[in-house]
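Q: The following file, structure-v9.txt, comprises compact mmCIF, C-alpha atoms:
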# COMPACT_ATOMS: atom_id res chain seq x y z
CA ALA S 281 24.69 -13.80 -12.20
CA GLN S 282 21.90 -15.03 -10.01
CA SER S 283 18.88 -16.58 -11.62
CA VAL S 284 15.74 -18.38 -10.54
CA SER S 285 14.02 -21.05 -12.56
CA GLN S 286 10.47 -22.28 -12.09
CA HIS S 287 9.97 -25.46 -14.08
CA ASN S 288 6.22 -25.44 -14.38
CA HIS S 289 4.72 -22.55 -16.29
CA HIS S 290 1.11 -23.65 -16.15
CA VAL S 291 -0.32 -26.28 -13.82
CA ILE S 292 -3.91 -27.50 -13.86
CA LEU S 293 -5.18 -29.56 -10.93
CA SER S 294 -8.48 -30.75 -9.60
CA GLU S 295 -9.53 -29.80 -6.09
CA ALA S 296 -8.01 -31.97 -3.37
CA ALA S 297 -5.03 -32.90 -5.55
CA SER S 298 -1.56 -32.41 -4.11
CA LEU S 299 0.62 -29.61 -5.40
CA GLU S 300 4.34 -29.26 -5.84
CA LEU S 301 5.83 -26.31 -7.72
CA GLY S 302 9.51 -26.45 -8.50
CA CYS S 303 11.98 -23.64 -7.92
CA ASN S 304 15.73 -23.77 -8.47
CA TYR S 305 18.20 -20.95 -8.14
CA SER S 306 21.74 -20.43 -9.25
CA TYR S 307 23.96 -18.69 -6.73
CA GLY S 308 26.90 -20.09 -4.84
CA GLY S 309 26.54 -18.11 -1.64
CA THR S 310 24.00 -17.92 1.15
CA VAL S 311 20.53 -16.88 0.07
CA ASN S 312 17.13 -15.97 1.40
CA LEU S 313 14.20 -17.60 -0.38
CA PHE S 314 10.62 -16.46 -0.87
CA TRP S 315 7.39 -17.58 -2.43
CA TYR S 316 4.93 -14.87 -3.42
CA VAL S 317 1.40 -15.38 -4.71
CA GLN S 318 -0.84 -13.18 -6.80
CA TYR S 319 -4.52 -14.07 -6.66
CA PRO S 320 -6.67 -12.83 -9.54
CA GLY S 321 -7.15 -9.09 -9.26
CA GLN S 322 -5.03 -8.80 -6.13
CA HIS S 323 -1.57 -7.64 -5.11
CA LEU S 324 1.46 -9.87 -5.00
CA GLN S 325 1.71 -11.09 -1.40
CA LEU S 326 4.11 -13.22 0.59
CA LEU S 327 3.26 -16.90 1.08
CA LEU S 328 6.36 -17.88 3.01
CA LYS S 329 10.07 -17.25 3.31
CA TYR S 330 13.22 -18.97 4.47
CA PHE S 331 16.46 -17.46 5.71
CA SER S 332 17.80 -19.83 8.34
CA GLY S 333 16.91 -22.71 10.65
CA ASP S 334 14.51 -25.52 9.81
CA PRO S 335 14.62 -25.98 6.04
CA LEU S 336 10.94 -26.91 6.02
CA VAL S 337 9.01 -23.66 6.17
CA LYS S 338 5.30 -23.32 6.72
CA GLY S 339 3.37 -20.41 5.28
CA ILE S 340 -0.15 -19.14 5.02
CA LYS S 341 -3.13 -21.14 3.73
CA GLY S 342 -1.52 -24.54 4.31
CA PHE S 343 1.46 -24.02 2.02
CA GLU S 344 4.95 -25.19 2.87
CA ALA S 345 8.30 -25.19 1.13
CA GLU S 346 11.49 -27.13 1.64
CA PHE S 347 14.95 -25.69 1.14
CA ILE S 348 17.37 -28.31 -0.14
CA LYS S 349 20.75 -26.63 -0.24
CA SER S 350 22.49 -29.42 -2.16
CA LYS S 351 19.93 -29.16 -4.93
CA PHE S 352 19.64 -25.35 -4.89
CA SER S 353 15.91 -25.86 -4.65
CA PHE S 354 12.98 -24.39 -2.74
CA ASN S 355 9.90 -26.26 -3.89
CA LEU S 356 6.43 -25.20 -2.81
CA ARG S 357 3.93 -27.82 -1.68
CA LYS S 358 0.37 -28.14 -0.54
CA PRO S 359 -1.19 -31.52 0.25
CA SER S 360 -4.70 -30.65 -0.96
CA VAL S 361 -5.45 -27.66 -3.17
CA GLN S 362 -8.68 -25.71 -3.25
CA TRP S 363 -10.30 -23.76 -6.04
CA SER S 364 -9.31 -20.57 -4.18
CA ASP S 365 -5.62 -21.44 -4.70
CA THR S 366 -5.95 -20.51 -8.35
CA ALA S 367 -3.27 -17.84 -8.75
CA GLU S 368 0.19 -16.95 -10.05
CA TYR S 369 3.04 -18.22 -7.88
CA PHE S 370 6.47 -16.61 -7.92
CA CYS S 371 9.66 -17.91 -6.37
CA ALA S 372 12.27 -15.27 -5.45
CA VAL S 373 15.78 -15.19 -4.07
CA ASN S 374 18.06 -12.58 -2.60
CA ALA S 375 21.75 -12.93 -2.01
CA ARG S 376 22.06 -11.40 1.45
CA SER S 377 23.58 -8.20 0.16
CA ASN S 378 21.29 -6.00 2.28
CA THR S 379 20.15 -4.17 -0.81
CA GLY S 380 16.71 -5.75 -0.80
CA LYS S 381 17.29 -6.97 -4.35
CA LEU S 382 14.93 -9.83 -5.15
CA ILE S 383 15.47 -12.03 -8.18
CA PHE S 384 12.20 -13.58 -9.33
CA GLY S 385 11.44 -16.69 -11.30
CA GLN S 386 9.12 -16.44 -14.27
CA GLY S 387 6.11 -17.57 -12.29
CA THR S 388 3.74 -20.52 -12.42
CA THR S 389 0.07 -20.19 -13.21
CA LEU S 390 -1.95 -22.60 -11.09
CA GLN S 391 -5.49 -23.35 -12.16
CA VAL S 392 -7.57 -25.46 -9.80
CA LYS S 393 -10.74 -26.96 -11.23
CA PRO S 394 -13.68 -27.25 -8.84
CA ASP R 127 -6.55 0.91 3.96
CA THR R 128 -4.34 0.22 0.94
CA ALA R 129 -0.78 -0.32 2.10
CA VAL R 130 0.98 0.36 -1.20
CA SER R 131 -0.96 2.27 -3.82
CA GLN R 132 -0.12 3.24 -7.37
CA THR R 133 -1.67 5.65 -9.81
CA PRO R 134 -2.73 5.30 -12.48
CA LYS R 135 -3.77 1.65 -12.76
CA TYR R 136 -3.82 1.83 -16.54
CA LEU R 137 -1.86 4.06 -18.86
CA VAL R 138 -2.17 4.06 -22.63
CA THR R 139 0.04 6.48 -24.50
CA GLN R 140 1.87 7.13 -27.76
CA MET R 141 5.53 6.50 -28.46
CA GLY R 142 7.69 9.47 -27.66
CA ASN R 143 5.49 10.80 -24.87
CA ASP R 144 6.62 11.37 -21.29
CA LYS R 145 4.61 9.86 -18.45
CA SER R 146 4.77 9.42 -14.69
CA ILE R 147 3.58 6.71 -12.32
CA LYS R 148 3.11 7.52 -8.66
CA CYS R 149 3.54 5.23 -5.70
CA GLU R 150 2.70 5.79 -2.06
CA GLN R 151 3.01 3.52 0.97
CA ASN R 152 1.36 4.10 4.34
CA LEU R 153 3.28 1.39 6.20
CA GLY R 154 6.00 3.66 7.55
CA HIS R 155 8.62 1.71 5.62
CA ASP R 156 12.08 3.06 4.84
CA THR R 157 12.65 1.22 1.56
CA MET R 158 10.77 1.34 -1.73
CA TYR R 159 11.22 -0.40 -5.06
CA TRP R 160 10.13 -0.38 -8.68
CA TYR R 161 9.78 -3.64 -10.62
CA LYS R 162 8.92 -4.24 -14.26
CA GLN R 163 6.87 -7.27 -15.31
CA ASP R 164 7.11 -8.13 -18.98
CA SER R 165 4.58 -9.91 -21.18
CA LYS R 166 5.91 -13.28 -20.02
CA LYS R 167 5.19 -12.26 -16.40
CA PHE R 168 8.88 -12.06 -15.59
CA LEU R 169 9.40 -9.59 -12.70
CA LYS R 170 12.66 -7.67 -12.67
CA ILE R 171 13.83 -5.08 -10.20
CA MET R 172 14.54 -1.64 -11.62
CA PHE R 173 15.29 0.60 -8.65
CA SER R 174 15.35 0.62 -4.89
CA TYR R 175 15.45 3.58 -2.55
CA ASN R 176 16.19 3.66 1.15
CA ASN R 177 15.33 6.79 3.10
CA LYS R 178 15.08 8.67 -0.20
CA GLU R 179 18.54 7.50 -1.28
CA LEU R 180 19.04 5.46 -4.46
CA ILE R 181 20.43 2.01 -3.64
CA ILE R 182 19.86 -0.11 -6.74
CA ASN R 183 19.74 0.97 -10.37
CA GLU R 184 19.60 -2.16 -12.45
CA THR R 185 21.04 -0.83 -15.71
CA VAL R 186 17.75 0.78 -16.53
CA PRO R 187 17.85 3.26 -19.47
CA ASN R 188 18.25 6.81 -18.25
CA ARG R 189 14.87 7.62 -19.81
CA PHE R 190 13.56 6.17 -16.53
CA SER R 191 14.02 8.51 -13.60
CA PRO R 192 12.76 7.65 -10.14
CA LYS R 193 12.08 10.39 -7.64
CA SER R 194 11.53 10.02 -3.93
CA PRO R 195 10.25 13.27 -2.43
CA ASP R 196 9.89 11.59 0.96
CA LYS R 197 10.08 8.10 2.43
CA ALA R 198 6.43 7.37 1.70
CA HIS R 199 6.59 8.15 -2.02
CA LEU R 200 8.57 6.81 -4.96
CA ASN R 201 7.50 8.07 -8.36
CA LEU R 202 8.69 6.86 -11.73
CA HIS R 203 9.01 9.24 -14.65
CA ILE R 204 9.58 7.86 -18.12
CA ASN R 205 10.77 10.07 -20.99
CA SER R 206 10.43 9.36 -24.70
CA LEU R 207 8.36 6.22 -24.27
CA GLU R 208 9.17 3.28 -26.52
CA LEU R 209 7.11 0.25 -27.55
CA GLY R 210 9.32 -1.97 -25.41
CA ASP R 211 8.34 -0.03 -22.30
CA SER R 212 4.90 -1.65 -22.44
CA ALA R 213 4.68 -3.72 -19.27
CA VAL R 214 3.20 -3.83 -15.80
CA TYR R 215 5.14 -1.71 -13.32
CA PHE R 216 4.96 -2.68 -9.67
CA CYS R 217 5.93 -0.56 -6.74
CA ALA R 218 6.87 -2.26 -3.46
CA SER R 219 8.09 -1.30 -0.02
CA SER R 220 9.81 -2.99 2.91
CA ARG R 221 10.59 -1.98 6.44
CA SER R 222 14.30 -1.78 5.70
CA LEU R 223 16.99 -3.05 3.36
CA VAL R 224 17.59 -6.10 5.55
CA ASP R 225 17.27 -9.05 3.21
CA GLN R 226 14.80 -11.03 5.28
CA GLU R 227 12.23 -8.25 5.21
CA THR R 228 9.04 -8.94 3.34
CA GLN R 229 8.34 -6.70 0.40
CA TYR R 230 4.76 -5.40 0.07
CA PHE R 231 3.58 -4.81 -3.45
CA GLY R 232 1.21 -2.36 -5.00
CA PRO R 233 -1.50 -3.36 -7.49
CA GLY R 234 0.60 -2.53 -10.55
CA THR R 235 0.31 -0.01 -13.36
CA ARG R 236 -0.37 -1.45 -16.80
CA LEU R 237 1.44 0.69 -19.36
CA LEU R 238 0.71 0.27 -23.04
CA VAL R 239 2.76 2.26 -25.53
CA LEU R 240 1.26 2.50 -29.01
Any chance you could give the structure as structure tokens?

A:
Amino acid sequence: AQSVSQHNHHVILSEAASLELGCNYSYGGTVNLFWYVQYPGQHLQLLLKYFSGDPLVKGIKGFEAEFIKSKFSFNLRKPSVQWSDTAEYFCAVNARSNTGKLIFGQGTTLQVKP
Amino acid sequence: DTAVSQTPKYLVTQMGNDKSIKCEQNLGHDTMYWYKQDSKKFLKIMFSYNNKELIINETVPNRFSPKSPDKAHLNLHINSLELGDSAVYFCASSRSLVDQETQYFGPGTRLLVL
């Protein structure tokens, strides 16, 4: 069965620090990969996604993620975080079944101190 | 201008009751979903519908019955509520079942069963 693992449950950073959130998935076939973010009091929204091409994907608000197929990983990065990046971050995978089924990781809470 | 809306936002009820959660999207999407988020913030897909047709039913107890009267609505009815049903329920929609499509989430309905 597919699964997604996010290693960091709760991350606390100071503003301007660099961020890397880990995401690994278990599935042998071809996948599409997503990072979603939920800001306090807001809806879950898409940060970025990867399905083919350049494994380094750029998203909104300066975020990027790199797909490393050999490591089954899709880590999220940002060189310099801001207080407004405080949010819940969810990695998700689907297995190209055209059912729309997303498998989510358990999420990472990011707290950025001003 | 809410894209995906859910009602109610909060629902507190007694064990054994029957309740419904409504979801509407104004994006013109063909596909809609229900997800359950447990107390550990783990998001798991329950159902997906495409053009009012059930596509995914993730071994959800048959006390949960989704209903899609039209493409813009996907309601969730829950019979004989149990303590373990306490969770946040998210509705989502996407343009189609194609895996690369972004899913747009509603604000969630917080259900507490006493």

Q: Rank nothing, just name the residue among R:Lys178, R:His203, R:Lys167, R:Arg189 nearest to chain S, using all atoms listed in the file.

A: R:Lys167

Q: Mind checking which residues fall within 8 Å of Gly309 of chain S, counting all atoms listed in the file, ignoring those fewer than 2 positions away in the same chain, and posting them as a compact mmCIF listing (two decimals) with C-alpha atoms, in the frame of the given file?

A:
# COMPACT_ATOMS: atom_id res chain seq x y z
CA TYR S 307 23.96 -18.69 -6.73
CA VAL S 311 20.53 -16.88 0.07
CA ALA S 375 21.75 -12.93 -2.01

Q: Would you mind listing what lies within 12 Å of Trp363 of chain S as a VMD selection string, with all atoms listed in the file counted and same-chain residues fewer than 2 positions away left out?

A: chain S and resid 292 to 297 319 360 to 361 365 to 367 390 to 394

Q: Should the cut-off be 12 Å, what would the residue list for chain S against chain R look like, counting all atoms listed in the file, as a PyMOL selection string?

A: chain S and resi 283-286+289+310-332+368-389

Q: Please measure the separation of atom CA of Leu299 of chain S and atom CA of Ser350 of chain S, giving the value in Å to one decimal.

A: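 Calculated distance between atom CA of Leu299 of chain S and atom CA of Ser350 of chain S is 22.1 Å.
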
Q: Give the padded box for segment 213-221 of chain R as lines of an AutoDock Vina configuration file: axis-aligned, covering all atoms listed in the file, 4 Å on each side, centre and edge lengths in Å to one decimal.

A:
center_x = 6.9
center_y = -2.2
center_z = -6.4
size_x = 15.4
size_y = 11.3
size_z = 33.7

Q: Suppose you want the space between atom CA of Gly154 of chain R and atom CA of Leu180 of chain R; what is it in Å?

A: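 Answer for the atom CA of Gly154 of chain R to atom CA of Leu180 of chain R separation: 17.8 Å.
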
Q: Suppose you want the space between atom CA of Gly342 of chain S and atom CA of Gln362 of chain S; what is it in Å?

A: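 Atom-to-atom, atom CA of Gly342 of chain S and atom CA of Gln362 of chain S are spaced 10.5 Å apart.
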
Q: Could you pull out every residue with an atom within 12 Å of (-3.8, 5.1, -18.2), file coordinates, counting all atoms listed in the file, and send them as a ChimeraX atom specification?

A: /R:132-140,145-147,212,214,234-239

Q: Which one is closest to Ser191 of chain R: R:Met141, R:Trp160, R:Arg221, R:Leu209? Count all atoms listed in the file.

A: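 Of the candidates, the smallest distance to Ser191 of chain R is held by R:Trp160.
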
Q: Please determine, counting only C-alpha atoms, which residue among S:Glu346, S:Gly302, S:Leu336, S:Phe352 has the shortest atom-to-atom distance to Gln282 of chain S.

A: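 For Gln282 of chain S, the nearest of the candidates is S:Phe352.
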